[in-house]
Each structure stands twice: as C-alpha cells, then as structure tokens.
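Input: a single structure, listed below in structure tokens.
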Amino acid sequence: MAFSWPIRVYWEDTDAGGVVYHARYLHFFERARTEWLRKAGVSQSDLQQKQDVVLVVKEAYLDILRPARIDDALSATVRIAQIGRASFQVHQELWRGSDCLSKAEVKIACLRASSFKPCGLPLDVNKVLQDE
C-alpha cells in the first residue's frame with residue numbers, strides 16, 4: 001500500500017500560463033517522502049543530530065505524463081521499491097483524482113553528515129523501511 005500526501009498547486013509552482021514548472025514535481029515528491037518518513041517515525045533532523053546520518057537523493061528519474069495546473073488538488077504517493085545496505089529506492093506518483101500526472105523513481109543514499117561519505121542505513125531506519 002502506498003503512502004499518500006496531499007499537495008495543492010500554488011502560483012509559485014507554475015509558469016506564466018498556470019502550468020506546474022517541471023522542477024516543482026521534484027519538490028512535491030520530496031515533501032511526500034519527508035512526510036512518509038515522519039509518519040513512519042523517522043525524523044531526518046534527529047538522524048543528522050543524533051546519528052550523524054543524512055538521507056540524500058542520489059538518482060531521480062522523472063516522467064511527466066500530464067500537466068498539473070494552478071489550484072489543482074493533488075496527491076503524491078510513496079512506495080518502497082528496493083532496500084540496500086546503504087540506500088533505498090522509492091516509486092512515487094502524482095495524482096489528480098484518478099489521473100496519474102507524473103511518476104518518479106528516486107534512489108536515496110545514506111551518508112555520514114560529518115563527512116558526506118556513504119554509510120549503512122541505521123538499523124532503526126532499515127527496520128522501518130522493511131515494515132513499509
């Protein structure tokens with residue numbers, strides 16, 4: 001089952017024609033991933049401050065199928081696709097009602113906050129991801 005987060009399209013998200021600017025889709029997906037982790041009990045600020053760990057986007061593939069527009073009420077979904085030792089991948093979709101507007105595959109890497117060198121996912125994070 002995918003996690004879902006509501007998104008409203010604001011003027012700042014669009015070009016002069018009221019169509020969502022392509023980079024904003026990544027912002028929408030980022031918000032959904034952050035809220036998905038938060039709901040699962042993972043605080044990214046606690047990871048950084050208490051465990052010296054940050055989760056960063058390593059790769060992102062974005063496919064825009066249909067345009068989102070100003071004032072649209074959207075839903076951004078997150079579903080775990082793969083879990084590795086030091087990274088995980090999620091599949092995300094952006095929906096307007098029953099229309100899928102965009103899809104993304106995003107790989108998240110785990111790094112030491114102090115050095116930005118790769119490290120293994122903390123056990124508590126790995127457990128949360130396995131349960132999703």
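FYI, nothing fancy with the structure tokens labels: chains A, B, ... in order, residues from 1 per chain, ligands from 1 as they appear.
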List the neighbours of region 32-47 of chain A out to 7 Å using only C-alpha atoms; skip same-chain residues closer than 5 positions along the sequence, and give me the result as an NGL selection string.
-> :A and (3 or 5 or 52-54 or 76-78 or 125 or 128)
Contact residues around Leu111 (chain A) with only C-alpha atoms at 7 Å, ignoring same-chain residues under 4 positions, as number ranges by chain = A: 53-55, 116-119
Just asking: which residues within chain A are strand (DSSP E or B) according to DSSP, as a PyMOL selection string?
-> chain A and resi 3-8+14+19-20+53-64+69+73-83+87-96+99-112+118
Here CA of His27 (chain A) and CA of Asp63 (chain A) stand apart by 14.1 Å
Which residues of region 41-69 of chain A come within 9 Å of region 15-21 of chain A, and for each one, what is the closest pair of atoms and their distance in Å to one decimal, counting only C-alpha atoms, sorted by chain and residue number, as a Markdown table?
| residue | atom | partner | partner_atom | distance |
| --- | --- | --- | --- | --- |
| A:Pro67 | CA | A:Val19 | CA | 6.4 |
| A:Ala68 | CA | A:Val20 | CA | 5.4 |
| A:Arg69 | CA | A:Val19 | CA | 4.5 |
Neighbours of Phe29 (chain A) within 12 Å (only C-alpha atoms; same-chain residues fewer than 4 positions away dropped), as a PyMOL selection string?
-> chain A and resi 3-7+22-25+33-36+57+60-62+74-79+90-95+102-106
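Taking CA of Leu123 (chain A) and CA of Leu26 (chain A) as the two end points, the separation is 27.5 Å.
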DSSP alpha helix (DSSP H) residues within chain A, as a ChimeraX atom specification = /A:22-39,44-51,123-131
Please, could you write that set of residues out with N, CA and C atoms as a compact mmCIF listing (two decimals), in the first residue's frame?
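Written file, again14.txt:
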# COMPACT_ATOMS: atom_id res chain seq x y z
N HIS A 22 8.49 22.17 -14.39
CA HIS A 22 8.95 20.78 -14.28
C HIS A 22 9.71 20.46 -12.99
N ALA A 23 10.52 21.36 -12.50
CA ALA A 23 11.31 21.10 -11.29
C ALA A 23 10.43 20.99 -10.05
N ARG A 24 9.26 21.60 -10.06
CA ARG A 24 8.38 21.57 -8.90
C ARG A 24 7.87 20.15 -8.62
N TYR A 25 7.79 19.31 -9.64
CA TYR A 25 7.37 17.92 -9.40
C TYR A 25 8.32 17.26 -8.40
N LEU A 26 9.61 17.55 -8.53
CA LEU A 26 10.59 17.00 -7.59
C LEU A 26 10.36 17.53 -6.18
N HIS A 27 9.95 18.80 -6.07
CA HIS A 27 9.63 19.37 -4.76
C HIS A 27 8.44 18.63 -4.15
N PHE A 28 7.41 18.40 -4.96
CA PHE A 28 6.22 17.69 -4.47
C PHE A 28 6.59 16.30 -3.97
N PHE A 29 7.42 15.60 -4.74
CA PHE A 29 7.83 14.25 -4.35
C PHE A 29 8.68 14.28 -3.08
N GLU A 30 9.53 15.29 -2.94
CA GLU A 30 10.36 15.43 -1.74
C GLU A 30 9.48 15.61 -0.50
N ARG A 31 8.48 16.46 -0.60
CA ARG A 31 7.56 16.67 0.54
C ARG A 31 6.90 15.36 0.94
N ALA A 32 6.44 14.60 -0.04
CA ALA A 32 5.77 13.33 0.26
C ALA A 32 6.74 12.35 0.92
N ARG A 33 7.97 12.27 0.44
CA ARG A 33 8.95 11.35 1.05
C ARG A 33 9.24 11.75 2.49
N THR A 34 9.38 13.05 2.74
CA THR A 34 9.66 13.53 4.09
C THR A 34 8.52 13.18 5.03
N GLU A 35 7.28 13.40 4.59
CA GLU A 35 6.12 13.10 5.43
C GLU A 35 5.94 11.59 5.62
N TRP A 36 6.26 10.82 4.59
CA TRP A 36 6.22 9.36 4.68
C TRP A 36 7.18 8.87 5.77
N LEU A 37 8.41 9.39 5.75
CA LEU A 37 9.39 9.01 6.77
C LEU A 37 8.94 9.47 8.15
N ARG A 38 8.44 10.70 8.23
CA ARG A 38 7.99 11.23 9.51
C ARG A 38 6.86 10.36 10.09
N LYS A 39 5.90 9.99 9.25
CA LYS A 39 4.79 9.14 9.71
C LYS A 39 5.30 7.78 10.20
N GLN A 44 14.34 13.20 10.05
CA GLN A 44 15.62 13.43 9.37
C GLN A 44 16.53 14.36 10.17
N SER A 45 15.95 15.30 10.90
CA SER A 45 16.80 16.17 11.72
C SER A 45 17.40 15.39 12.89
N ASP A 46 16.63 14.45 13.48
CA ASP A 46 17.19 13.60 14.54
C ASP A 46 18.29 12.69 13.99
N LEU A 47 18.09 12.16 12.79
CA LEU A 47 19.14 11.33 12.18
C LEU A 47 20.45 12.10 12.08
N GLN A 48 20.35 13.35 11.63
CA GLN A 48 21.55 14.16 11.47
C GLN A 48 22.17 14.50 12.82
N GLN A 49 21.36 14.96 13.74
CA GLN A 49 21.88 15.44 15.02
C GLN A 49 22.31 14.32 15.96
N LYS A 50 21.58 13.21 15.98
CA LYS A 50 21.84 12.14 16.95
C LYS A 50 22.66 10.98 16.40
N GLN A 51 22.58 10.76 15.06
CA GLN A 51 23.28 9.60 14.50
C GLN A 51 24.30 9.99 13.42
N LEU A 123 20.04 0.79 11.77
CA LEU A 123 19.17 -0.36 11.95
C LEU A 123 17.72 0.04 12.15
N ASP A 124 17.47 1.14 12.89
CA ASP A 124 16.09 1.56 13.12
C ASP A 124 15.43 2.02 11.82
N VAL A 125 16.18 2.68 10.96
CA VAL A 125 15.65 3.14 9.67
C VAL A 125 15.39 1.93 8.77
N ASN A 126 16.34 1.01 8.75
CA ASN A 126 16.19 -0.20 7.94
C ASN A 126 14.94 -0.97 8.36
N LYS A 127 14.71 -1.08 9.66
CA LYS A 127 13.53 -1.79 10.15
C LYS A 127 12.25 -1.09 9.69
N VAL A 128 12.21 0.23 9.78
CA VAL A 128 11.04 1.00 9.35
C VAL A 128 10.79 0.75 7.86
N LEU A 129 11.85 0.78 7.05
CA LEU A 129 11.70 0.57 5.62
C LEU A 129 11.21 -0.83 5.31
N GLN A 130 11.72 -1.81 6.04
CA GLN A 130 11.29 -3.21 5.84
C GLN A 130 9.81 -3.38 6.16
N ASP A 131 9.33 -2.62 7.14
CA ASP A 131 7.93 -2.72 7.56
C ASP A 131 6.98 -2.02 6.61
Option closest in space to Gly120 (chain A), from A:Cys100, A:Tyr10, A:Glu132, A:Ala86 [counting only C-alpha atoms] = A:Ala86
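Going from CA of Gln89 (chain A) to CA of Thr14 (chain A) covers 27.9 Å.
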